[in-house]
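A.B. asks: Just passing along the structure, written as C-alpha cells.
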Amino acid sequence: MEIKKIVIIGAGLMGSGIAYVSAGNGYQVTLVDINQAAVDAGMERIRNDVMTGVDKGKLGLSEAQKLIGNMSSSIDAAAASKDADLIIEAIFENMEVKKKVFAGVDAAAPPHAILATNTSSLSIDELANSTNRPDKFIGMHYFSPVAAMKLIEIVIGEKTSDETIAAAIAVGKKQGKIPVKAKNSPGFIVNRILMPVLRESIMLYEQGVATKEEIDNVMTTHAKFMVGPFALGDFVGLDIAFNAMSTLYRELGDCFKPPETLKKLVESGAIGNKAKKGFYQYGAVQDEPEPPKGVDSQWLLTRIQMPVLREAMLLVDEGIAEQDDIDKAMKLGASFPEGPFETAKRIGLDKVKAEIQKLYEEHGECYSVPKMLG
Ligand SMILES: NC(=O)c1ccc[n+]([C@@H]2O[C@H](COP(=O)([O-])OP(=O)(O)OC[C@H]3O[C@@H](n4cnc5c(N)ncnc54)[C@H](O)[C@@H]3O)[C@@H](O)[C@H]2O)c1
C-alpha cells in the first residue's frame, strides 16, 4: 500500500522533526497538537529548520517551498486522521494518554491506515491491543535530532502484519532513514545495549576499581568512542538514563538495577550538562579529578566491553533482532565506532566466550554466556 498522507500527533521536539523529514520527502503531512499555541510552536520550529537548511545550502529554495507546501496543522486529531494513510504518535511518554489518543484516531481513521508510535519505552503490544487494528500497529522509533539522526528502529508487535512492516520500512527509507527491525521488547535495540555500558562503568567506579576519568579515557582512546560513558550520561541527561535503566530493571530484572550513585545524583538534581552538574561539574567551578587507581587499560576495556557484547548476543538469542541490524543500530543510534558483532569477531568469538565465562564465574548470573556462543 502506498502511503501518501501522514498525520503526526504531538508537535513537540520529535513530532516536528518527524514532520520535517516527512514533508521534505514528498509526504502530505498534518501536524496535530492539543491546542493552537502548541501546534503553532511546532510549525514555527519546522519553519526555522527550513530557514537554517536554506541558509546552510542544504535545502534549495524550491525544495523549501515544497516542504512548507506539504505541511498543514490541526488541533483535531480525529478530523485530521479521516483521510490518513499513516498516523505517527509522538506525544509525551504516558501509556494511558497514548491509549486514549490511539482510541480516538483508530475510530476516525480509514480501515487501511497504519498506526505508529514513537515511544522509547512503552510496550508496542499493549498499545496495539488497545486498538481494533493490532495488525496495522507498529513502533517507529526515531532518534533526536530527527533530521540529523539516520537511524529508525522499526518495532514489531506480536500481531503486526508483514504488510505493515514493509510499509513502515518504506516510509523510513523515503524519509532518508536507515531502518532496523526489532521485535517489541524493553529498550528495543539501542537502549538495551547502551545501558550496560553505563551501568558497568558506574559500578566499577562505585567499587573503586577505576576513576571516572580512567573509564572515560579508556573508552575514547582504546575503544575509539566519541565520548566516554560518564560524559555521555551527563550529555544525554542522567534523569533520562535513569528512567531508561529503571524501565529495563522493571521489565528484565536485577541485571539492570540502576546503581546507587546514579540514583543519588538524579535525586539531588545533578542530572548532567543541563543542570551544570552530573558525574562531572560544568561551568566555572571544576572538580579536581580523582587520583588515578592505576588499573590496567586493557583489563578495564575488556571488563566493560564484554557485558555489552553479551547483551547484543542475548538480543539474537531471544530472537529480537539480527546481527547486522544490531551493528547498524549501535553505530547510527549510539555512535559506537563499530557494531558489537564486528567487535566480537575482531576479538575472536572463542576469546569473547572465555572472557564472559570468567565474568560469570566471578560475578554470577548477570554475566551468563549467551547461547549463540555455544
Ligand atoms: N526526546 C527524545 O530524544 C526522544 C527520542 C525518541 C523517542 N522519544 C519519544 O517521543 C515522544 C515525544 O517526545 P518529545 O521529546 O517530542 O516530547 P515533547 O514534550 O517535546 O512533545 C510532546 C508534544 O505532545 C503534545 N501532546 C500531549 N498530549 C497530546 C494529545 N493528547 N494530543 C496531541 N498532542 C499532545 C504536547 O503538547 C507536546 O507538544 C515520547 O514518547 C518520547 O519517549 C523521544
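Ordered as shown in the C-alpha cells, chains take letters A, B, and onward, while each chain numbers its residues from 1 and ligands are numbered from 1 in the order shown.
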If DSSP is run on the backbone, what residues of stretch 229-287 of chain A are helix (DSSP H, G or I)? A reply as an NGL selection string would be ideal.
C.D. replies: :A and (229-236 or 238-252 or 254-256 or 260-267 or 273-275)
A.B. asks: Which residues are near ligand 1 in this structure, taking near to mean any atom at most 10 Å from a ligand atom and counting only C-alpha atoms and all ligand atoms? Format them as a compact mmCIF listing (two decimals) with C-alpha atoms, in the first residue's frame.
C.D. replies:
# COMPACT_ATOMS: atom_id res chain seq x y z
CA ILE A 8 1.69 13.31 13.20
CA ILE A 9 0.22 13.67 16.65
CA GLY A 10 2.33 15.70 19.06
CA ALA A 11 4.11 18.77 17.69
CA GLY A 12 6.99 18.72 20.20
CA LEU A 13 10.67 18.02 19.63
CA MET A 14 10.14 14.62 17.97
CA GLY A 15 6.82 15.26 16.23
CA SER A 16 8.04 18.39 14.48
CA GLY A 17 11.25 16.59 13.47
CA ILE A 18 9.28 13.67 12.01
CA LEU A 31 0.81 18.11 12.39
CA VAL A 32 -1.55 17.87 15.36
CA ASP A 33 -1.31 19.04 18.97
CA ILE A 34 -3.74 19.70 21.79
CA ASN A 35 -4.00 23.46 21.39
CA GLN A 36 -3.21 26.18 18.87
CA ALA A 37 -0.21 27.52 20.79
CA ALA A 38 1.44 24.06 20.86
CA VAL A 39 0.79 23.34 17.19
CA ASP A 40 1.99 26.83 16.21
CA ALA A 41 5.20 26.28 18.19
CA GLY A 42 5.77 23.03 16.27
CA SER A 74 -4.73 20.92 13.19
CA ILE A 75 -5.86 20.65 16.78
CA ASP A 76 -8.43 17.97 15.92
CA ALA A 77 -6.71 14.57 15.71
CA GLU A 89 2.04 9.41 17.52
CA ALA A 90 4.76 11.45 19.27
CA ILE A 91 3.11 12.75 22.43
CA PHE A 92 4.73 12.53 25.85
CA GLU A 93 5.64 9.15 27.34
CA ASN A 94 2.48 8.03 29.14
CA MET A 95 0.71 4.75 28.43
CA VAL A 97 -2.71 9.12 27.45
CA LYS A 98 -1.24 7.37 24.39
CA LYS A 99 -4.00 4.71 24.56
CA LYS A 100 -6.63 7.46 24.65
CA VAL A 101 -5.12 9.18 21.61
CA PHE A 102 -5.00 5.88 19.70
CA GLY A 104 -9.68 8.36 19.05
CA THR A 117 4.12 5.14 17.89
CA ASN A 118 7.45 6.83 18.55
CA THR A 119 7.54 5.58 22.16
CA SER A 120 11.01 4.95 23.59
CA SER A 121 10.00 2.59 26.37
CA LEU A 122 6.34 1.55 26.33
CA MET A 140 8.61 3.78 14.51
CA HIS A 141 11.32 4.86 16.93
CA TYR A 142 13.19 7.89 15.64
CA PHE A 143 16.26 9.38 17.32
CA SER A 144 16.85 13.00 18.27
CA PRO A 145 17.54 15.30 16.43
CA VAL A 146 15.32 13.58 13.87
CA ILE A 152 14.92 4.39 12.82
CA GLU A 153 14.05 1.31 14.86
CA VAL A 236 22.13 12.75 27.43
CA ILE A 240 16.76 10.14 31.05
CA ALA A 244 15.63 4.11 30.68
A.B. asks: If DSSP is run on the backbone, what residues of stretch 173-360 of chain A are strand (DSSP E)? A reply as a list in words would be ideal.
C.D. replies: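 Taking stretch 173-360 of chain A and keeping strand (DSSP E) gives Ile178, Pro179, Val180, Lys181, Ala182 and Lys183 of chain A.
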A.B. asks: Which is closer to A:Asn48 than all the others in A:Asp350, A:Pro179, A:Ala64, A:Arg250, using only C-alpha atoms?
C.D. replies: A:Ala64
A.B. asks: Taking 3 positions as the minimum chain separation for residues in the same chain, which residues sit within 8 Å of A:Ala223 when counting only C-alpha atoms? Answer as a list in words.
C.D. replies: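 Listed by chain and then number, they are Val218, Met219, Thr220, Leu301 and Pro337 of chain A.
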A.B. asks: Deliver the residues from the most recent selection as a file, using all heavy atoms, as an mmCIF file, in the first residue's frame.
C.D. replies:
data_model
loop_
_atom_site.group_PDB
_atom_site.id
_atom_site.type_symbol
_atom_site.label_atom_id
_atom_site.label_comp_id
_atom_site.auth_asym_id
_atom_site.auth_seq_id
_atom_site.Cartn_x
_atom_site.Cartn_y
_atom_site.Cartn_z
ATOM 1 N N VAL A 218 39.670 5.327 28.736
ATOM 2 C CA VAL A 218 39.909 4.042 28.067
ATOM 3 C C VAL A 218 38.882 3.837 26.947
ATOM 4 O O VAL A 218 39.205 3.298 25.876
ATOM 5 C CB VAL A 218 39.918 2.865 29.088
ATOM 6 C CG1 VAL A 218 38.535 2.303 29.356
ATOM 7 C CG2 VAL A 218 40.825 1.755 28.612
ATOM 8 N N MET A 219 37.667 4.316 27.143
ATOM 9 C CA MET A 219 36.649 4.117 26.116
ATOM 10 C C MET A 219 36.884 5.026 24.902
ATOM 11 O O MET A 219 36.557 4.649 23.787
ATOM 12 C CB MET A 219 35.236 4.360 26.688
ATOM 13 C CG MET A 219 34.812 3.343 27.733
ATOM 14 S SD MET A 219 34.965 1.617 27.209
ATOM 15 C CE MET A 219 33.536 1.447 26.163
ATOM 16 N N THR A 220 37.446 6.207 25.141
ATOM 17 C CA THR A 220 37.682 7.087 23.991
ATOM 18 C C THR A 220 39.013 6.756 23.288
ATOM 19 O O THR A 220 39.062 6.707 22.070
ATOM 20 C CB THR A 220 37.668 8.586 24.403
ATOM 21 O OG1 THR A 220 38.551 8.764 25.496
ATOM 22 C CG2 THR A 220 36.287 9.048 24.786
ATOM 23 N N LEU A 301 39.008 -2.133 29.674
ATOM 24 C CA LEU A 301 38.218 -2.131 28.435
ATOM 25 C C LEU A 301 37.454 -3.452 28.291
ATOM 26 O O LEU A 301 36.247 -3.456 28.040
ATOM 27 C CB LEU A 301 39.149 -1.908 27.231
ATOM 28 C CG LEU A 301 38.491 -2.014 25.860
ATOM 29 C CD1 LEU A 301 37.380 -0.985 25.707
ATOM 30 C CD2 LEU A 301 39.530 -1.819 24.753
ATOM 31 N N PRO A 337 31.802 3.106 17.582
ATOM 32 C CA PRO A 337 32.742 3.151 16.463
ATOM 33 C C PRO A 337 32.659 1.907 15.579
ATOM 34 O O PRO A 337 32.981 1.948 14.394
ATOM 35 C CB PRO A 337 34.108 3.235 17.152
ATOM 36 C CG PRO A 337 33.867 2.811 18.562
ATOM 37 C CD PRO A 337 32.451 3.074 18.897
#
